[in-house]
file protein.cif (mmCIF, C-alpha atoms)
data_target
loop_
_atom_site.label_atom_id
_atom_site.label_comp_id
_atom_site.auth_asym_id
_atom_site.auth_seq_id
_atom_site.Cartn_x
_atom_site.Cartn_y
_atom_site.Cartn_z
CA MET A 956 -13.15 -9.03 -3.02
CA LYS A 957 -14.72 -11.03 -5.82
CA PRO A 958 -11.44 -12.07 -7.47
CA TYR A 959 -10.18 -13.55 -4.20
CA LEU A 960 -13.27 -15.48 -3.16
CA PRO A 961 -11.97 -18.85 -4.32
CA LEU A 962 -8.75 -18.26 -2.44
CA LEU A 963 -10.54 -17.07 0.69
CA CYS A 964 -12.56 -20.30 0.70
CA LEU A 965 -9.28 -22.13 1.25
CA LEU A 966 -8.56 -20.11 4.40
CA PRO A 967 -9.89 -22.61 6.95
CA PHE A 968 -7.44 -25.18 5.59
CA ALA A 969 -4.53 -22.79 5.42
CA THR A 970 -4.36 -21.64 9.02
CA TRP A 971 -2.38 -23.51 11.58
CA ALA A 972 -0.96 -22.62 14.95
CA ALA A 973 2.51 -21.11 15.10
CA ASP A 974 5.17 -23.39 16.52
CA GLY A 975 6.67 -20.91 18.92
CA GLU A 976 6.27 -17.48 20.42
CA PHE A 977 9.14 -15.06 20.96
CA SER A 978 8.83 -11.81 22.90
CA LEU A 979 10.76 -8.61 22.65
CA ALA A 980 10.22 -5.11 23.97
CA ILE A 981 10.75 -1.59 22.70
CA ARG A 982 12.17 0.59 25.46
CA ASN A 983 13.64 4.07 24.92
CA HIS A 984 13.45 3.51 21.14
CA ARG A 985 15.57 0.34 21.37
CA PHE A 986 14.69 -3.31 20.91
CA GLU A 987 15.34 -5.54 23.93
CA PRO A 988 16.77 -8.00 23.26
CA ALA A 989 18.25 -6.68 20.03
CA GLU A 990 18.74 -10.22 18.73
CA VAL A 991 16.07 -12.90 18.76
CA ARG A 992 17.04 -16.52 18.06
CA VAL A 993 14.32 -18.58 16.44
CA PRO A 994 14.31 -22.11 15.00
CA ALA A 995 14.77 -22.24 11.22
CA GLY A 996 12.19 -23.96 9.03
CA GLN A 997 9.26 -23.18 11.33
CA LYS A 998 6.61 -20.53 11.44
CA VAL A 999 7.04 -18.45 14.61
CA LYS A 1000 5.18 -15.58 16.25
CA LEU A 1001 7.02 -12.47 17.35
CA VAL A 1002 5.32 -10.51 20.10
CA VAL A 1003 6.65 -6.97 20.29
CA HIS A 1004 5.70 -4.96 23.37
CA ASN A 1005 6.08 -1.21 22.82
CA GLN A 1006 6.75 0.18 26.29
CA ASP A 1007 7.46 3.70 25.05
CA GLY A 1008 4.90 6.45 25.18
CA THR A 1009 5.25 6.97 21.41
CA PRO A 1010 4.16 4.82 18.46
CA GLU A 1011 6.68 2.74 16.51
CA GLU A 1012 6.63 0.88 13.22
CA PHE A 1013 8.30 -2.52 13.19
CA GLU A 1014 9.75 -2.98 9.72
CA SER A 1015 11.99 -5.50 8.01
CA HIS A 1016 12.74 -5.72 4.31
CA GLU A 1017 14.46 -9.07 4.81
CA LEU A 1018 11.45 -10.55 6.61
CA ASN A 1019 9.02 -8.67 4.32
CA ARG A 1020 7.04 -7.39 7.30
CA GLU A 1021 5.74 -4.05 8.61
CA LYS A 1022 3.49 -3.28 11.52
CA LEU A 1023 2.53 -0.18 13.47
CA ILE A 1024 2.68 -0.56 17.23
CA ALA A 1025 0.74 1.97 19.30
CA PRO A 1026 2.21 3.19 22.63
CA ASP A 1027 2.00 0.65 25.48
CA THR A 1028 0.58 -2.14 23.33
CA ARG A 1029 1.73 -5.56 22.14
CA ALA A 1030 1.81 -6.52 18.49
CA SER A 1031 1.93 -10.05 17.08
CA ILE A 1032 3.79 -10.67 13.85
CA TYR A 1033 3.97 -14.06 12.19
CA ILE A 1034 7.23 -14.84 10.39
CA GLY A 1035 8.83 -17.78 8.64
CA PRO A 1036 9.41 -20.56 7.99
CA LEU A 1037 12.91 -19.06 7.58
CA LYS A 1038 16.10 -20.45 6.13
CA PRO A 1039 19.03 -20.25 8.59
CA GLY A 1040 20.45 -16.74 8.57
CA ARG A 1041 20.29 -13.22 9.94
CA TYR A 1042 17.23 -11.06 9.24
CA PRO A 1043 17.63 -7.43 10.36
CA PHE A 1044 14.62 -5.37 11.47
CA PHE A 1045 14.23 -1.77 12.59
CA GLY A 1046 11.79 0.74 14.01
CA GLU A 1047 10.97 3.07 11.15
CA PHE A 1048 10.12 5.99 13.42
CA ASN A 1049 13.45 5.78 15.29
CA GLU A 1050 15.72 4.24 12.74
CA LYS A 1051 18.97 5.35 14.37
CA THR A 1052 18.50 3.53 17.67
CA ALA A 1053 15.76 0.95 17.11
CA ARG A 1054 17.67 -1.83 15.33
CA GLY A 1055 17.68 -5.57 15.80
CA ALA A 1056 17.74 -8.89 14.03
CA VAL A 1057 16.05 -12.27 13.97
CA ILE A 1058 18.57 -15.09 13.82
CA ALA A 1059 17.17 -18.31 12.41
CA GLU A 1060 19.20 -21.44 13.25
CA MET B 10 13.74 18.27 11.00
CA LEU B 11 15.48 16.03 8.48
CA GLY B 12 13.94 12.94 10.07
CA SER B 13 10.40 14.24 9.73
CA ALA B 14 11.07 15.47 6.18
CA ILE B 15 12.33 12.03 5.07
CA ILE B 16 9.49 10.02 6.60
CA VAL B 17 6.75 12.40 5.46
CA PHE B 18 8.28 12.35 1.96
CA ARG B 19 8.29 8.52 1.89
CA GLU B 20 4.67 8.25 2.96
CA THR B 21 3.45 11.13 0.78
CA LEU B 22 5.27 9.77 -2.26
CA GLU B 23 3.25 6.54 -2.35
CA ALA B 24 -0.10 8.30 -2.14
CA ALA B 25 1.01 11.08 -4.53
CA LEU B 26 2.10 8.61 -7.23
CA ILE B 27 -1.23 6.81 -7.02
CA ILE B 28 -3.13 10.12 -7.25
CA GLY B 29 -0.89 11.17 -10.17
CA ILE B 30 -1.84 8.05 -12.14
CA ILE B 31 -5.54 8.46 -11.35
CA ALA B 32 -5.57 12.15 -12.28
CA ALA B 33 -3.92 11.30 -15.62
CA ALA B 34 -6.10 8.28 -16.33
CA THR B 35 -9.27 10.33 -15.86
CA ARG B 36 -8.26 13.48 -17.69
CA ALA B 37 -11.14 13.10 -20.15
CA VAL B 38 -13.77 12.67 -17.43
CA PRO B 39 -15.76 15.79 -16.57
CA SER B 40 -15.87 16.81 -12.90
CA ARG B 41 -12.75 14.79 -12.07
CA LYS B 42 -11.07 17.67 -10.24
CA SER B 43 -13.74 18.06 -7.60
CA TRP B 44 -13.95 14.27 -7.16
CA ILE B 45 -10.20 13.97 -6.63
CA LEU B 46 -10.33 16.83 -4.12
CA VAL B 47 -13.17 15.07 -2.28
CA GLY B 48 -11.00 11.94 -2.21
CA ILE B 49 -8.00 13.84 -0.83
CA GLY B 50 -10.08 15.65 1.80
CA SER B 51 -11.85 12.57 3.08
CA GLY B 52 -8.58 10.61 3.01
CA ILE B 53 -6.89 13.17 5.27
CA LEU B 54 -9.86 13.24 7.65
CA GLY B 55 -10.03 9.45 7.69
CA SER B 56 -6.31 9.07 8.34
CA LEU B 57 -6.55 11.24 11.47
CA ILE B 58 -9.41 9.07 12.74
CA VAL B 59 -7.54 5.83 11.96
CA ALA B 60 -4.35 7.17 13.57
CA SER B 61 -6.22 7.93 16.79
CA LEU B 62 -7.73 4.42 16.78
CA THR B 63 -4.51 2.55 15.92
CA GLY B 64 -4.23 0.76 19.26
CA ARG B 65 -7.84 -0.33 19.20
CA ILE B 66 -7.74 -1.52 15.57
CA ALA B 67 -4.58 -3.51 16.29
CA GLU B 68 -6.20 -5.34 19.20
CA MET B 69 -9.15 -6.52 17.12
CA ALA B 70 -9.27 -10.07 15.71
CA GLU B 71 -6.82 -11.42 18.30
CA GLY B 72 -4.12 -8.90 17.49
CA THR B 73 -4.40 -9.08 13.71
CA GLY B 74 -6.84 -6.17 13.31
CA GLN B 75 -4.28 -3.93 11.64
CA GLU B 76 -3.40 -6.56 9.02
CA LEU B 77 -7.07 -7.23 8.27
CA PHE B 78 -7.78 -3.50 8.08
CA ASN B 79 -4.89 -2.91 5.65
CA ALA B 80 -5.79 -5.96 3.59
CA GLY B 81 -9.39 -4.75 3.39
CA ILE B 82 -8.35 -1.28 2.25
CA LEU B 83 -5.99 -2.66 -0.39
CA GLY B 84 -8.56 -5.19 -1.62
CA LEU B 85 -11.25 -2.52 -1.96
CA ALA B 86 -8.89 -0.13 -3.77
CA ALA B 87 -7.79 -2.92 -6.16
CA LEU B 88 -11.44 -3.72 -6.88
CA MET B 89 -12.22 -0.07 -7.70
CA LEU B 90 -9.20 0.13 -10.03
CA ALA B 91 -10.31 -3.09 -11.73
CA TRP B 92 -13.73 -1.59 -12.27
CA HIS B 93 -12.17 1.58 -13.68
CA ASN B 94 -10.19 -0.36 -16.26
CA ILE B 95 -13.17 -2.43 -17.34
CA TRP B 96 -15.28 0.74 -17.58
CA MET B 97 -12.57 2.42 -19.66
CA ALA B 98 -12.39 -0.57 -22.00
CA ARG B 99 -16.02 0.15 -22.82
CA HIS B 100 -15.95 3.96 -22.92
CA GLY B 101 -12.31 4.97 -23.42
CA ALA B 102 -12.09 4.62 -27.18
CA GLN B 103 -15.25 6.64 -27.59
CA MET B 104 -13.91 9.38 -25.30
CA ALA B 105 -10.64 9.66 -27.19
CA ARG B 106 -12.40 9.93 -30.52
CA ASP B 107 -15.20 12.30 -29.79
CA ALA B 108 -14.82 14.74 -26.94
CA LYS B 109 -18.23 16.26 -27.71
CA GLN B 110 -20.06 13.17 -26.58
CA LEU B 111 -18.60 13.46 -23.13
CA GLY B 112 -21.19 15.92 -21.89
CA GLN B 113 -23.91 13.34 -22.45
CA ASP B 114 -22.08 10.86 -20.30
CA VAL B 115 -21.81 12.94 -17.14
CA ALA B 116 -23.81 10.53 -14.97
CA SER B 117 -21.63 7.63 -15.99
CA GLY B 118 -18.52 9.76 -15.47
CA ASN B 119 -19.63 10.65 -11.95
CA ARG B 120 -20.16 7.03 -10.99
CA GLU B 121 -16.74 6.25 -12.35
CA MET B 122 -15.08 9.15 -10.56
CA SER B 123 -16.68 8.30 -7.22
CA ALA B 124 -14.97 4.89 -7.42
CA LEU B 125 -11.61 6.51 -8.14
CA ALA B 126 -12.10 9.19 -5.48
CA LEU B 127 -12.46 6.24 -3.09
CA VAL B 128 -9.09 4.87 -4.27
CA VAL B 129 -7.52 8.30 -3.65
CA ALA B 130 -9.07 8.43 -0.17
CA LEU B 131 -7.90 4.90 0.68
CA ALA B 132 -4.34 5.59 -0.50
CA ILE B 133 -4.17 8.68 1.69
CA LEU B 134 -5.84 6.85 4.57
CA ARG B 135 -3.10 4.21 4.68
CA GLU B 136 -0.10 6.48 4.30
CA GLY B 137 -1.61 9.46 6.12
CA SER B 138 -2.42 7.60 9.32
CA GLU B 139 1.19 6.35 9.55
CA THR B 140 2.47 9.88 8.96
CA ALA B 141 0.17 11.33 11.60
CA LEU B 142 1.32 8.74 14.16
CA PHE B 143 4.97 9.34 13.37
CA LEU B 144 4.64 13.13 13.73
CA TYR B 145 2.64 12.69 16.93
CA GLY B 146 5.44 10.50 18.31
CA LEU B 147 8.11 13.05 17.38
CA ILE B 148 6.27 15.90 19.06
CA ARG B 149 5.32 13.78 22.06
CA GLY B 150 8.91 12.51 22.39
CA GLY B 151 9.96 16.12 22.72
CA GLU B 152 13.35 15.65 21.05
CA GLU B 153 12.48 18.13 18.35
CA GLY B 154 10.48 21.32 18.63
CA LEU B 155 7.07 21.73 17.07
CA VAL B 156 8.43 24.18 14.49
CA ALA B 157 11.20 21.81 13.34
CA VAL B 158 8.78 18.88 13.07
CA ALA B 159 6.16 20.91 11.19
CA GLY B 160 8.82 22.48 8.94
CA GLY B 161 10.34 19.10 8.08
CA GLY B 162 6.89 17.65 7.49
CA ALA B 163 5.99 20.50 5.15
CA ILE B 164 9.19 20.00 3.13
CA GLY B 165 8.57 16.24 2.88
CA LEU B 166 4.95 16.81 1.86
CA ALA B 167 5.94 19.35 -0.82
CA LEU B 168 8.56 17.00 -2.31
CA GLY B 169 6.13 14.07 -2.34
CA VAL B 170 3.40 16.13 -4.00
CA ALA B 171 5.92 17.44 -6.54
CA ALA B 172 6.88 13.86 -7.47
CA GLY B 173 3.22 12.91 -7.94
CA TYR B 174 2.61 16.02 -10.05
CA GLY B 175 5.73 15.27 -12.10
CA LEU B 176 4.36 11.82 -12.91
CA TYR B 177 1.00 13.34 -13.87
CA ALA B 178 2.61 16.01 -16.07
CA GLY B 179 4.74 13.33 -17.73
CA PHE B 180 1.64 11.33 -18.57
CA LEU B 181 -0.02 14.30 -20.25
CA ARG B 182 2.84 14.44 -22.75
CA ILE B 183 2.02 10.96 -24.00
CA PRO B 184 0.32 11.17 -27.42
CA VAL B 185 -3.46 10.61 -27.28
CA ARG B 186 -3.10 7.56 -29.50
CA LEU B 187 -1.08 5.76 -26.82
CA PHE B 188 -2.56 7.49 -23.80
CA PHE B 189 -5.42 5.13 -22.91
CA SER B 190 -3.41 1.95 -23.33
CA THR B 191 -0.55 3.40 -21.23
CA THR B 192 -2.74 4.58 -18.36
CA SER B 193 -4.93 1.48 -18.32
CA GLY B 194 -1.78 -0.65 -18.32
CA LEU B 195 -0.47 1.27 -15.31
CA VAL B 196 -3.79 1.10 -13.46
CA LEU B 197 -3.79 -2.66 -14.11
CA LEU B 198 -0.33 -3.06 -12.53
CA LEU B 199 -1.29 -0.74 -9.66
CA ALA B 200 -4.28 -2.96 -8.87
CA ALA B 201 -2.08 -6.07 -9.05
CA ALA B 202 0.47 -4.41 -6.74
CA MET B 203 -2.28 -3.72 -4.20
CA ALA B 204 -3.52 -7.31 -4.39
CA SER B 205 0.02 -8.58 -3.76
CA GLN B 206 0.43 -6.30 -0.72
CA MET B 207 -2.95 -7.47 0.51
CA ALA B 208 -1.69 -11.07 0.36
CA ARG B 209 1.39 -10.06 2.34
CA PHE B 210 -0.74 -8.64 5.17
CA LEU B 211 -2.86 -11.81 5.25
CA VAL B 212 0.33 -13.91 5.55
CA GLN B 213 1.56 -11.63 8.34
CA ALA B 214 -1.75 -12.25 10.15
CA ASP B 215 -1.28 -16.01 9.62
CA LEU B 216 -4.44 -16.24 7.52
CA LEU B 217 -2.75 -17.32 4.29
CA PRO B 218 0.22 -19.63 3.73
CA SER B 219 3.23 -17.84 2.27
CA LEU B 220 3.90 -20.76 -0.15
CA MET B 221 7.51 -20.19 -1.28
CA ASP B 222 9.05 -17.53 0.96
CA PRO B 223 10.96 -15.83 -0.53
CA LEU B 224 10.11 -16.75 -4.09
CA TRP B 225 13.29 -14.94 -5.19
CA ASP B 226 15.83 -12.52 -3.77
CA SER B 227 16.62 -9.55 -6.00
CA SER B 228 17.69 -7.25 -3.15
CA TRP B 229 21.25 -7.27 -4.59
CA LEU B 230 19.83 -5.66 -7.72
CA LEU B 231 17.20 -3.32 -6.30
CA ASP B 232 16.45 -3.04 -2.58
CA ASN B 233 12.94 -2.14 -1.41
CA ALA B 234 14.56 0.36 0.97
CA SER B 235 15.98 2.42 -1.92
CA LEU B 236 14.02 5.28 -3.50
CA ALA B 237 13.75 3.52 -6.87
CA GLY B 238 12.68 0.34 -5.06
CA ARG B 239 9.94 2.23 -3.22
CA VAL B 240 8.65 3.94 -6.36
CA LEU B 241 8.50 0.66 -8.28
CA HIS B 242 6.93 -1.04 -5.25
CA THR B 243 4.08 1.48 -5.34
CA LEU B 244 3.63 1.65 -9.10
CA VAL B 245 4.06 -1.94 -10.26
CA GLY B 246 4.33 -3.90 -6.99
CA TYR B 247 8.09 -4.60 -7.13
CA GLU B 248 9.30 -6.79 -4.25
CA ALA B 249 12.91 -7.77 -3.66
CA LEU B 250 11.80 -10.73 -1.50
CA PRO B 251 8.23 -11.66 -2.43
CA SER B 252 6.42 -14.68 -1.06
CA GLY B 253 4.86 -17.14 -3.50
CA ILE B 254 1.31 -16.23 -2.51
CA GLN B 255 1.99 -12.59 -3.45
CA ALA B 256 2.90 -13.69 -6.97
CA VAL B 257 -0.29 -15.78 -7.11
CA PHE B 258 -2.43 -12.77 -6.11
CA TYR B 259 -0.56 -10.48 -8.51
CA LEU B 260 -0.95 -12.74 -11.52
CA ALA B 261 -4.55 -13.67 -10.70
CA THR B 262 -5.47 -9.97 -10.52
CA VAL B 263 -3.82 -9.20 -13.87
CA LEU B 264 -5.57 -12.16 -15.47
CA LEU B 265 -9.01 -11.29 -14.06
CA ILE B 266 -8.83 -7.62 -15.07
CA VAL B 267 -7.54 -8.36 -18.58
CA THR B 268 -10.33 -10.91 -19.03
CA GLY B 269 -12.88 -8.36 -17.78
CA MET B 270 -11.55 -5.73 -20.18
CA ARG B 271 -11.77 -8.15 -23.12
CA PHE B 272 -15.41 -8.91 -22.36
CA ALA B 273 -16.34 -5.27 -21.78
CA HIS B 274 -14.77 -4.02 -24.97
CA VAL B 275 -17.47 -3.28 -27.52
CA ARG B 276 -16.80 -2.18 -31.08
CA PRO B 277 -17.82 1.48 -31.45
CA PRO B 278 -20.87 2.07 -33.65
CA GLN B 279 -20.02 3.15 -37.20
CA VAL B 280 -22.22 6.26 -37.04
CA SER B 281 -20.00 8.25 -34.71
CA THR B 282 -16.94 8.01 -36.97
CA SER B 283 -18.72 9.77 -39.84
CA SER B 284 -19.88 12.81 -37.84
#
call {"tool": "encode", "arguments": {"input": "protein.cif", "output": "structure tokens"}}
result
Amino acid sequence: MKPYLPLLCLLPFATWAADGEFSLAIRNHRFEPAEVRVPAGQKVKLVVHNQDGTPEEFESHELNREKLIAPDTRASIYIGPLKPGRYPFFGEFNEKTARGAVIAE
Amino acid sequence: MLGSAIIVFRETLEAALIIGIIAAATRAVPSRKSWILVGIGSGILGSLIVASLTGRIAEMAEGTGQELFNAGILGLAALMLAWHNIWMARHGAQMARDAKQLGQDVASGNREMSALALVVALAILREGSETALFLYGLIRGGEEGLVAVAGGGAIGLALGVAAGYGLYAGFLRIPVRLFFSTTSGLVLLLAAAMASQMARFLVQADLLPSLMDPLWDSSWLLDNASLAGRVLHTLVGYEALPSGIQAVFYLATVLLIVTGMRFAHVRPPQVSTSS
């Protein structure tokens, strides 16, 4: 960790609360709702509740995010601030059905 | 079957490429084979434990446990790779010149290899736990039979290992004269790639600002979802949409390791050249 110590010292100043929280669920290997509208230009928190009995990995190349979500648990993922636009995401373990997008506006 | 083959291949590929580089970079170190095997074995064991604890790890630190865990693993691995390069700057030239001296340096070689075995274990830990969870989900979901899942997984694993071995075999064809600079250059970029991924997890956990996000968008040229994009992501930290803080971590790591290597480099004593 030595190389990062100076940066880590800045941490207390870098954290701030997210401006909004947006929930979605994974049910039967699908995201519900499949589209999440969030304000552009703000940091927001996505809360993904995996209601399936199997694990899932939330992944988005456009949002540059990936997170494993164990069965019957909620995962928080911070995203943004985003420019207005459409940012697709998918569940890596069920790529055919688990597809959605964040729409920043 | 295809689904499990593809995902297991993706996850295996990352770990296999890292192991390929490490195996090549340490080819002059005695006892490296058993150390790498120890790394692989403990990585597999560890990934099963981590997979079974996924839910609990994720709930730690107010829901950011997984990000902190991943960031910690990547930071530790990057640190070990940095140490390897600085160690090689001191001993590498001597090793290339005089293989006979190696036997006298077994203790030092063991210390060095234990650090790299840790990198191997950590690489497998990260990718292996995801693979284990995915396969568990497939079997639990019951859409595919056990045989199909295991068969697909075995094919994916074999292809991933073959790619890692291919990289290793390719390295061994590099002339000795260029070998140490090539491998230490690659280890340097591998460490920087890990530091940049570590920064990404800390942003995802809201512990670091992203600075410019994205810093650039080169997804039209090379997407991170493509095979080439994935390979370059693992080897040199390529990102189609990096955040500014990732670039800061990447460059800072390169700078720190290069500086360390400069300071560690000692001119070899004149005596050994005449023997």
call {"tool": "atom_distance", "arguments": {"input": "protein.cif", "atom1": "atom CA of Arg41 of chain B", "atom2": "atom CA of Leu236 of chain B"}}
result
29.7 Å
call {"tool": "resolve_selection", "arguments": {"input": "protein.cif", "expression": "the PyMOL selection byres ((chain B and resi 16) around 9)", "output": "list of chain:residue names"}}
result
A:Glu1047, A:Phe1048, B:Leu11, B:Gly12, B:Ser13, B:Ala14, B:Ile15, B:Val17, B:Phe18, B:Arg19, B:Glu20, B:Thr21, B:Thr140, B:Phe143, B:Gly162, B:Gly165
call {"tool": "closest_residue", "arguments": {"input": "protein.cif", "among": "B:Trp225, B:Phe78, B:Tyr247, B:Phe210", "to": "chain A", "atoms": "only C-alpha atoms"}}
result
B:Phe210
call {"tool": "resolve_selection", "arguments": {"input": "protein.cif", "expression": "the PyMOL selection byres ((chain A and resi 1031-1042) around 7)", "output": "list in words"}}
result
Ala995, Gly996, Gln997, Lys998, Val999, Lys1000, Leu1001, Val1002, Val1003, Glu1017, Leu1018, Arg1029, Ala1030, Pro1043, Phe1044, Ala1056, Val1057, Ile1058, Ala1059 and Glu1060 of chain A; Gly72, Gln213, Ala214 and Asp215 of chain B
call {"tool": "resolve_selection", "arguments": {"input": "protein.cif", "expression": "the PyMOL selection byres ((chain A and resi 979) around 9)", "output": "ChimeraX atom specification"}}
result
/A:977-978,980-981,986-989,991,1001-1005
call {"tool": "atom_distance", "arguments": {"input": "protein.cif", "atom1": "atom CA of Trp44 of chain B", "atom2": "atom CA of Val185 of chain B"}}
result
23.0 Å
call {"tool": "interface_residues", "arguments": {"input": "protein.cif", "of": "chain B", "to": "chain A", "cutoff": "6 Å", "atoms": "all atoms listed in the file", "output": "list of chain:residue names"}}
result
B:Gly64, B:Gly146, B:Gln213, B:Leu216, B:Leu217, B:Pro218
call {"tool": "atom_distance", "arguments": {"input": "protein.cif", "atom1": "atom CA of Ala98 of chain B", "atom2": "atom CA of Gly194 of chain B"}}
result
11.2 Å
call {"tool": "residues_around", "arguments": {"input": "protein.cif", "residues": "Ser51 of chain B", "least_positions_apart": "3", "cutoff": "12 Å", "atoms": "only C-alpha atoms", "output": "VMD selection string"}}
result
chain B and resid 44 to 48 54 to 59 126 to 134 137
call {"tool": "closest_residue", "arguments": {"input": "protein.cif", "among": "B:Ala167, B:Leu22, B:Met122, B:Ala80", "to": "Thr35 of chain B", "atoms": "all atoms listed in the file"}}
result
B:Met122
call {"tool": "closest_residue", "arguments": {"input": "protein.cif", "among": "B:Gly238, B:Gly151, B:Pro39, B:Gly84", "to": "Phe258 of chain B", "atoms": "all atoms listed in the file"}}
result
B:Gly84
call {"tool": "residues_near_point", "arguments": {"input": "protein.cif", "point": "(-3.9, -0.2, -12.4)", "cutoff": "12 Å", "atoms": "all atoms listed in the file", "output": "VMD selection string"}}
result
chain B and resid 26 to 31 33 to 34 86 to 95 97 125 128 189 to 204 243 to 246 259 262 to 263 266 to 267
call {"tool": "residues_around", "arguments": {"input": "protein.cif", "residues": "Leu181 of chain B", "least_positions_apart": "2", "cutoff": "10 Å", "atoms": "only C-alpha atoms", "output": "ChimeraX atom specification"}}
result
/B:32-34,36,176-179,183-185,188
call {"tool": "closest_residue", "arguments": {"input": "protein.cif", "among": "B:Arg99, B:Arg182, B:Arg239, B:Arg120", "to": "Arg271 of chain B", "atoms": "all atoms listed in the file"}}
result
B:Arg99
